[in-house]
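Colleague: Sending over entry-v1.txt (compact mmCIF, C-alpha atoms).
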```txt
# COMPACT_ATOMS: atom_id res chain seq x y z
CA MET A 14 0.00 0.00 0.00
CA PRO A 15 1.44 3.43 -0.91
CA GLU A 16 2.51 5.53 2.06
CA GLY A 17 1.67 9.20 2.44
CA HIS A 18 4.54 10.67 0.41
CA THR A 19 3.36 8.81 -2.70
CA VAL A 20 -0.18 10.17 -2.43
CA HIS A 21 1.13 13.71 -1.99
CA ARG A 22 3.28 13.26 -5.10
CA THR A 23 0.21 12.14 -7.03
CA ALA A 24 -1.78 15.15 -5.81
CA ASN A 25 1.06 17.43 -6.90
CA GLN A 26 1.07 15.78 -10.32
CA PHE A 27 -2.71 16.22 -10.64
CA ASN A 28 -2.40 19.92 -9.82
CA LYS A 29 0.38 20.33 -12.38
CA ILE A 30 -1.55 18.57 -15.14
CA PHE A 31 -5.22 19.28 -14.47
CA ALA A 32 -5.75 22.14 -11.98
CA GLY A 33 -7.67 25.01 -13.54
CA ASP A 34 -8.78 22.87 -16.50
CA SER A 35 -12.06 21.27 -17.41
CA VAL A 36 -11.52 17.55 -16.85
CA VAL A 37 -13.32 14.76 -18.67
CA VAL A 38 -13.98 11.90 -16.26
CA GLU A 39 -15.04 8.48 -17.52
CA SER A 40 -15.36 4.98 -16.12
CA PRO A 41 -14.26 2.49 -18.80
CA GLN A 42 -14.81 -0.37 -16.36
CA GLY A 43 -18.29 0.95 -15.54
CA ARG A 44 -18.15 0.73 -11.73
CA PHE A 45 -17.70 4.49 -11.35
CA ARG A 46 -20.08 5.62 -14.10
CA ASP A 47 -22.54 7.53 -11.86
CA GLY A 48 -19.79 9.30 -9.96
CA ALA A 49 -17.98 10.23 -13.17
CA GLU A 50 -21.11 11.85 -14.58
CA ASN A 51 -21.32 14.15 -11.54
CA ILE A 52 -17.85 15.66 -12.07
CA SER A 53 -17.05 15.18 -15.77
CA GLY A 54 -16.61 18.50 -17.56
CA GLN A 55 -16.11 20.38 -14.31
CA THR A 56 -12.96 22.36 -13.49
CA LEU A 57 -10.50 20.80 -11.07
CA VAL A 58 -9.91 23.45 -8.43
CA ASN A 59 -7.36 21.58 -6.30
CA ALA A 60 -5.91 18.16 -5.56
CA ARG A 61 -4.71 17.49 -2.05
CA ALA A 62 -3.78 14.60 0.18
CA ILE A 63 -4.36 13.64 3.79
CA GLY A 64 -2.18 10.67 4.53
CA LYS A 65 -3.09 7.85 2.16
CA GLN A 66 -6.23 9.52 0.83
CA MET A 67 -6.47 12.01 -2.04
CA PHE A 68 -9.20 14.58 -2.54
CA LEU A 69 -9.94 16.10 -5.97
CA GLU A 70 -12.00 19.26 -5.49
CA PHE A 71 -14.17 20.45 -8.39
CA ASN A 72 -15.84 23.80 -9.02
CA ASN A 73 -19.35 22.38 -8.50
CA ASP A 74 -18.58 21.87 -4.77
CA LEU A 75 -18.18 18.12 -5.18
CA THR A 76 -15.03 16.21 -4.21
CA LEU A 77 -13.71 12.90 -5.43
CA ARG A 78 -12.17 10.89 -2.58
CA ILE A 79 -9.67 8.20 -3.58
CA HIS A 80 -7.95 5.65 -1.38
CA LEU A 81 -5.73 3.27 -3.34
CA GLY A 82 -5.61 0.58 -0.67
CA ILE A 83 -3.39 -2.41 -1.41
CA TYR A 84 -4.11 -2.86 -5.12
CA GLY A 85 -4.85 0.63 -6.42
CA LYS A 86 -2.51 2.16 -9.00
CA TRP A 87 -2.24 5.31 -11.12
CA SER A 88 -0.80 5.62 -14.61
CA PHE A 89 -0.20 8.94 -16.36
CA MET A 90 0.46 9.60 -20.02
CA ASN A 91 0.39 12.33 -22.62
CA HIS A 92 -1.88 12.08 -25.63
CA TYR A 93 -2.11 13.86 -28.94
CA GLY A 94 -5.64 14.05 -30.27
CA GLU A 95 -7.56 10.78 -30.07
CA LEU A 96 -7.45 9.03 -26.69
CA PRO A 97 -5.90 5.55 -26.63
CA GLU A 98 -8.06 2.65 -25.54
CA PRO A 99 -7.77 1.92 -21.81
CA VAL A 100 -5.72 -1.11 -20.84
CA GLY A 101 -7.09 -3.42 -18.16
CA GLN A 102 -9.78 -2.63 -15.59
CA VAL A 103 -9.68 1.18 -15.48
CA ARG A 104 -12.05 2.38 -12.76
CA ALA A 105 -11.73 6.05 -13.69
CA ARG A 106 -10.03 7.96 -16.50
CA PHE A 107 -9.25 11.67 -16.25
CA SER A 108 -8.27 13.61 -19.35
CA ASN A 109 -7.79 17.08 -20.74
CA GLN A 110 -6.38 18.21 -24.09
CA ALA A 111 -2.90 16.88 -23.41
CA SER A 112 -2.87 14.34 -20.57
CA ILE A 113 -4.52 11.20 -19.22
CA ALA A 114 -4.59 9.71 -15.74
CA ASP A 115 -5.97 6.18 -15.36
CA LEU A 116 -6.97 4.75 -11.99
CA ARG A 117 -7.13 1.00 -11.42
CA GLY A 118 -8.17 -1.07 -8.41
CA PRO A 119 -8.76 1.55 -5.68
CA THR A 120 -10.33 0.62 -2.37
CA VAL A 121 -12.33 3.89 -2.38
CA CYS A 122 -13.38 6.01 -5.36
CA GLU A 123 -16.42 8.09 -4.48
CA VAL A 124 -17.87 11.55 -5.10
CA ILE A 125 -18.80 13.26 -1.85
CA THR A 126 -20.16 16.59 -0.63
CA GLN A 127 -18.26 19.23 1.32
CA GLN A 128 -19.95 18.10 4.53
CA GLU A 129 -18.90 14.51 3.88
CA VAL A 130 -15.33 15.71 3.27
CA LYS A 131 -15.33 17.38 6.70
CA SER A 132 -16.54 14.15 8.27
CA VAL A 133 -13.65 12.21 6.71
CA GLU A 134 -11.14 14.88 7.78
CA GLN A 135 -12.33 14.74 11.38
CA ARG A 136 -11.84 10.99 11.41
CA LEU A 137 -8.32 11.07 10.00
CA GLY A 138 -5.27 11.81 12.09
CA PRO A 139 -2.96 14.74 11.35
CA ASP A 140 -0.70 14.51 8.30
CA PRO A 141 2.94 15.59 8.86
CA LEU A 142 3.04 16.96 5.30
CA ASN A 143 0.12 19.33 5.80
CA PRO A 144 0.09 22.73 7.59
CA ASN A 145 0.73 22.66 11.34
CA PRO A 146 -0.36 26.11 12.61
CA LYS A 147 1.23 26.85 16.00
CA GLY A 148 1.93 23.13 16.43
CA ALA A 149 -1.79 22.27 16.51
CA GLU A 150 -1.50 19.14 14.37
CA MET A 151 1.54 17.89 16.23
CA ASN A 152 -0.30 18.37 19.53
CA ARG A 153 -3.29 16.50 18.15
CA PHE A 154 -0.97 13.60 17.31
CA ILE A 155 0.62 13.66 20.77
CA HIS A 156 -2.79 13.69 22.46
CA ARG A 157 -4.05 10.72 20.43
CA VAL A 158 -0.98 8.64 21.31
CA THR A 159 -0.71 9.45 25.01
CA LYS A 160 -4.38 8.88 25.83
CA SER A 161 -4.07 5.17 24.98
CA LYS A 162 -2.01 2.20 26.18
CA THR A 163 -1.79 0.98 22.57
CA PRO A 164 1.86 0.18 21.72
CA ILE A 165 3.51 2.96 19.77
CA GLY A 166 4.30 0.46 17.02
CA LEU A 167 0.56 0.02 16.45
CA ALA A 168 -0.38 3.66 17.04
CA LEU A 169 1.84 4.86 14.20
CA MET A 170 0.01 2.56 11.78
CA ASN A 171 -3.40 3.86 12.86
CA GLN A 172 -4.51 6.46 10.31
CA GLU A 173 -6.77 8.01 12.95
CA VAL A 174 -3.67 8.77 15.05
CA ILE A 175 -1.33 9.98 12.31
CA SER A 176 -2.02 9.94 8.57
CA GLY A 177 0.39 8.67 5.96
CA ILE A 178 2.68 6.42 8.00
CA GLY A 179 2.89 2.83 6.79
CA ASN A 180 5.05 -0.17 7.55
CA VAL A 181 8.32 1.23 6.19
CA TYR A 182 8.16 4.62 7.89
CA ARG A 183 6.83 3.05 11.11
CA ALA A 184 9.89 0.81 11.45
CA GLU A 185 12.38 3.48 10.43
CA ILE A 186 10.96 6.33 12.54
CA LEU A 187 10.96 4.19 15.70
CA PHE A 188 14.52 3.05 15.03
CA ARG A 189 15.71 6.61 14.48
CA ALA A 190 14.01 7.62 17.74
CA GLY A 191 15.48 4.64 19.65
CA ILE A 192 12.03 3.61 20.88
CA ASN A 193 10.89 0.04 21.51
CA PRO A 194 7.79 -0.53 19.33
CA HIS A 195 6.04 -2.29 22.22
CA THR A 196 6.13 0.79 24.47
CA PRO A 197 2.57 1.78 25.48
CA GLY A 198 1.50 5.20 24.23
CA THR A 199 0.98 6.36 27.80
CA GLN A 200 4.69 5.75 28.48
CA VAL A 201 6.05 7.63 25.46
CA SER A 202 7.12 11.10 26.55
CA VAL A 203 5.99 14.33 24.93
CA GLU A 204 9.63 14.98 24.03
CA GLN A 205 9.86 11.62 22.24
CA LEU A 206 6.59 12.18 20.39
CA THR A 207 7.68 15.66 19.36
CA HIS A 208 10.82 14.08 17.92
CA ILE A 209 8.74 11.43 16.11
CA TRP A 210 6.48 14.10 14.59
CA ASN A 211 9.36 16.30 13.43
CA ASP A 212 11.24 13.30 12.04
CA SER A 213 8.09 12.21 10.18
CA VAL A 214 7.86 15.66 8.59
CA GLN A 215 11.49 15.45 7.46
CA LEU A 216 11.35 11.89 6.12
CA LEU A 217 8.06 12.33 4.28
CA LYS A 218 9.35 15.51 2.63
CA VAL A 219 12.36 13.56 1.41
CA GLY A 220 9.94 10.95 0.08
CA VAL A 221 7.89 13.55 -1.79
CA LYS A 222 11.01 15.10 -3.30
CA THR A 223 12.78 11.89 -4.34
CA GLY A 224 9.94 9.41 -4.72
CA PHE A 225 11.79 6.99 -2.45
CA MET A 226 11.55 6.14 1.25
CA ILE A 227 15.11 7.09 2.21
CA THR A 228 15.64 7.19 5.97
CA ARG A 229 19.43 7.42 6.31
CA ASP A 230 20.42 11.06 6.59
CA GLU A 231 23.66 10.69 4.65
CA LEU A 232 21.68 9.42 1.62
CA PHE A 233 18.97 12.11 1.48
CA THR A 234 20.53 13.86 -1.50
CA LYS A 235 21.72 10.71 -3.29
CA ARG A 236 20.06 7.93 -5.27
CA PRO A 237 20.81 4.87 -3.13
CA LYS A 238 19.95 1.33 -4.14
CA LYS A 239 16.84 -0.12 -2.52
CA ASP A 240 18.77 -2.25 -0.03
CA GLU A 241 20.78 0.78 1.12
CA ARG A 242 17.93 3.21 1.85
CA ASN A 243 16.84 2.10 5.32
CA PHE A 244 18.13 1.08 8.74
CA VAL A 245 15.88 -1.86 9.64
CA TYR A 246 13.07 -2.38 7.12
CA LYS A 247 13.38 -5.79 5.42
CA ARG A 248 16.83 -6.28 7.00
CA GLU A 249 15.88 -9.10 9.38
CA GLY A 250 18.89 -11.23 10.36
CA LEU A 251 21.35 -8.65 9.03
CA PRO A 252 23.59 -6.64 11.38
CA CYS A 253 22.24 -3.31 12.57
CA ARG A 254 23.94 -0.45 10.73
CA ARG A 255 24.62 1.21 14.11
CA CYS A 256 25.42 -1.48 16.67
CA GLY A 257 25.89 -4.74 14.76
CA THR A 258 23.08 -6.66 16.50
CA ASN A 259 21.02 -8.72 14.08
CA ILE A 260 17.78 -6.97 13.11
CA SER A 261 14.68 -8.69 14.51
CA ILE A 262 11.36 -9.38 12.81
CA GLU A 263 8.01 -10.26 14.33
CA ILE A 264 4.34 -10.00 13.50
CA MET A 265 2.45 -7.13 15.13
CA ALA A 266 -1.27 -6.99 14.31
CA ALA A 267 -0.76 -9.04 11.15
CA ARG A 268 2.03 -6.78 9.82
CA LYS A 269 5.76 -7.44 9.79
CA LEU A 270 7.66 -5.35 12.32
CA TYR A 271 11.40 -4.77 11.95
CA TRP A 272 13.52 -3.42 14.80
CA CYS A 273 16.84 -3.57 16.66
CA VAL A 274 16.52 -4.89 20.20
CA SER A 275 19.77 -3.17 21.21
CA CYS A 276 19.15 0.29 19.72
CA GLN A 277 15.47 0.21 20.72
CA PRO A 278 15.56 -1.18 24.28
```
Have the structure of the file written as structure tokens, please.

Modeller:
Amino acid sequence: MPEGHTVHRTANQFNKIFAGDSVVVESPQGRFRDGAENISGQTLVNARAIGKQMFLEFNNDLTLRIHLGIYGKWSFMNHYGELPEPVGQVRARFSNQASIADLRGPTVCEVITQQEVKSVEQRLGPDPLNPNPKGAEMNRFIHRVTKSKTPIGLALMNQEVISGIGNVYRAEILFRAGINPHTPGTQVSVEQLTHIWNDSVQLLKVGVKTGFMITRDELFTKRPKKDERNFVYKREGLPCRRCGTNISIEIMAARKLYWCVSCQP
């Protein structure tokens, strides 16, 4: 499943290609035909992301909410004149005079009202990539963690606690903070959670800029190979890059958790 930086990159691409234009929206597969009719021909005002969800706002006060889930994918292409036939099960196709965006296999693809958008926003946790006026979003994150005994390793995966963090960033952020993933939220200090929030902001920005989940500071401005980008993710049994202890793996709530028992006591 794409993590938050990928969805923000897609929103940025939508704004670059379609914002301010009348967008033709179709459903070649047919499952989104009614929704497409409600927004086709309207002007895209803005595309934005909250964590793993993207919101396409149109000038008729309707919004298309998209959550890719595990199987959803986007493909973008330029076209010159006649549109090419869609390939595969395309749930929704967006086009203007020069570009096409095809959406396949999303978990959620629905047109909603402004009130329904607000309801979704209230349910979602704060996104480190979105505005944080006077630290309000960071404080909202800290409050949601510290009010529960849920282990921090689970809390970071809960999109109602913090939006956009998935399995890779969860493992890497906790390693960088030196925090045991089993620590109850009530026992994680405000100082530690402030560090986690600020580190999330930094790492996700790197992800948006590069398109890769790079979590080693010395590689932020480089193009490292996949097996060089991280400290612990998918490195089970290999020596920790800091202390040499073999990286551990376990299952936490049906997801693989990677961590160093020495660096994260």

Colleague: Kindly give the distance, in Å, that separates CA of Lys222 (chain A) and CA of Gly138 (chain A), rounded to a single decimal.

Modeller: 22.6 Å

Colleague: Give me the residues near Phe27 (chain A) as an mmCIF file with C-alpha atoms, keeping the file's coordinate frame, where near means some atom within 9 Å (using only C-alpha atoms) and where sequence neighbours in that chain fewer than 5 positions away do not count.

Modeller:
```cif
data_model
loop_
_atom_site.group_PDB
_atom_site.id
_atom_site.type_symbol
_atom_site.label_atom_id
_atom_site.label_comp_id
_atom_site.auth_asym_id
_atom_site.auth_seq_id
_atom_site.Cartn_x
_atom_site.Cartn_y
_atom_site.Cartn_z
ATOM 1 C CA ARG A 22 3.280 13.260 -5.100
ATOM 2 C CA ALA A 32 -5.750 22.140 -11.980
ATOM 3 C CA ASN A 59 -7.360 21.580 -6.300
ATOM 4 C CA ALA A 60 -5.910 18.160 -5.560
ATOM 5 C CA ARG A 61 -4.710 17.490 -2.050
ATOM 6 C CA LEU A 69 -9.940 16.100 -5.970
ATOM 7 C CA ALA A 114 -4.590 9.710 -15.740
#
```

Colleague: As a list in words, please: the residues near Ala267 (chain A) (cut-off 12 Å, all atoms listed in the file, same-chain neighbours under 2 positions excluded).

Modeller: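 Here the qualifying residues turn out to be Leu167, Met170, Asn180, Glu263, Ile264, Met265, Lys269 and Leu270 of chain A.
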
Colleague: Any idea what's packed within 7 Å of region 84-95 of chain A, counting all atoms listed in the file, ignoring anything in its chain fewer than 3 positions away? Could you give it as an NGL selection string?

Modeller: :A and (81 or 111-120)

Colleague: I'd like to know which of A:Cys253, A:Ala266, A:Ile178, A:Ile209 is closest to Met226 (chain A), using only C-alpha atoms.

Modeller: A:Ile178

Colleague: Of the candidates A:Phe31, A:Pro41, A:Ile175, A:Leu57, which one gets nearest to Gln110 (chain A) if we count only C-alpha atoms?

Modeller: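 Smallest distance to Gln110 (chain A) is found for A:Phe31.
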
Colleague: Which of these, A:Cys273, A:Met67, A:Val181, A:Leu77, has the shortest distance to Arg242 (chain A) once you count all atoms listed in the file?

Modeller: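 Ranked by minimum distance to Arg242 (chain A), first place goes to A:Val181.
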
Colleague: For CA of Ile165 (chain A) and CA of Cys276 (chain A), determine how far apart the two atoms are, in Å to one decimal place.

Modeller: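 Between CA of Ile165 (chain A) and CA of Cys276 (chain A) the gap works out to 15.9 Å.
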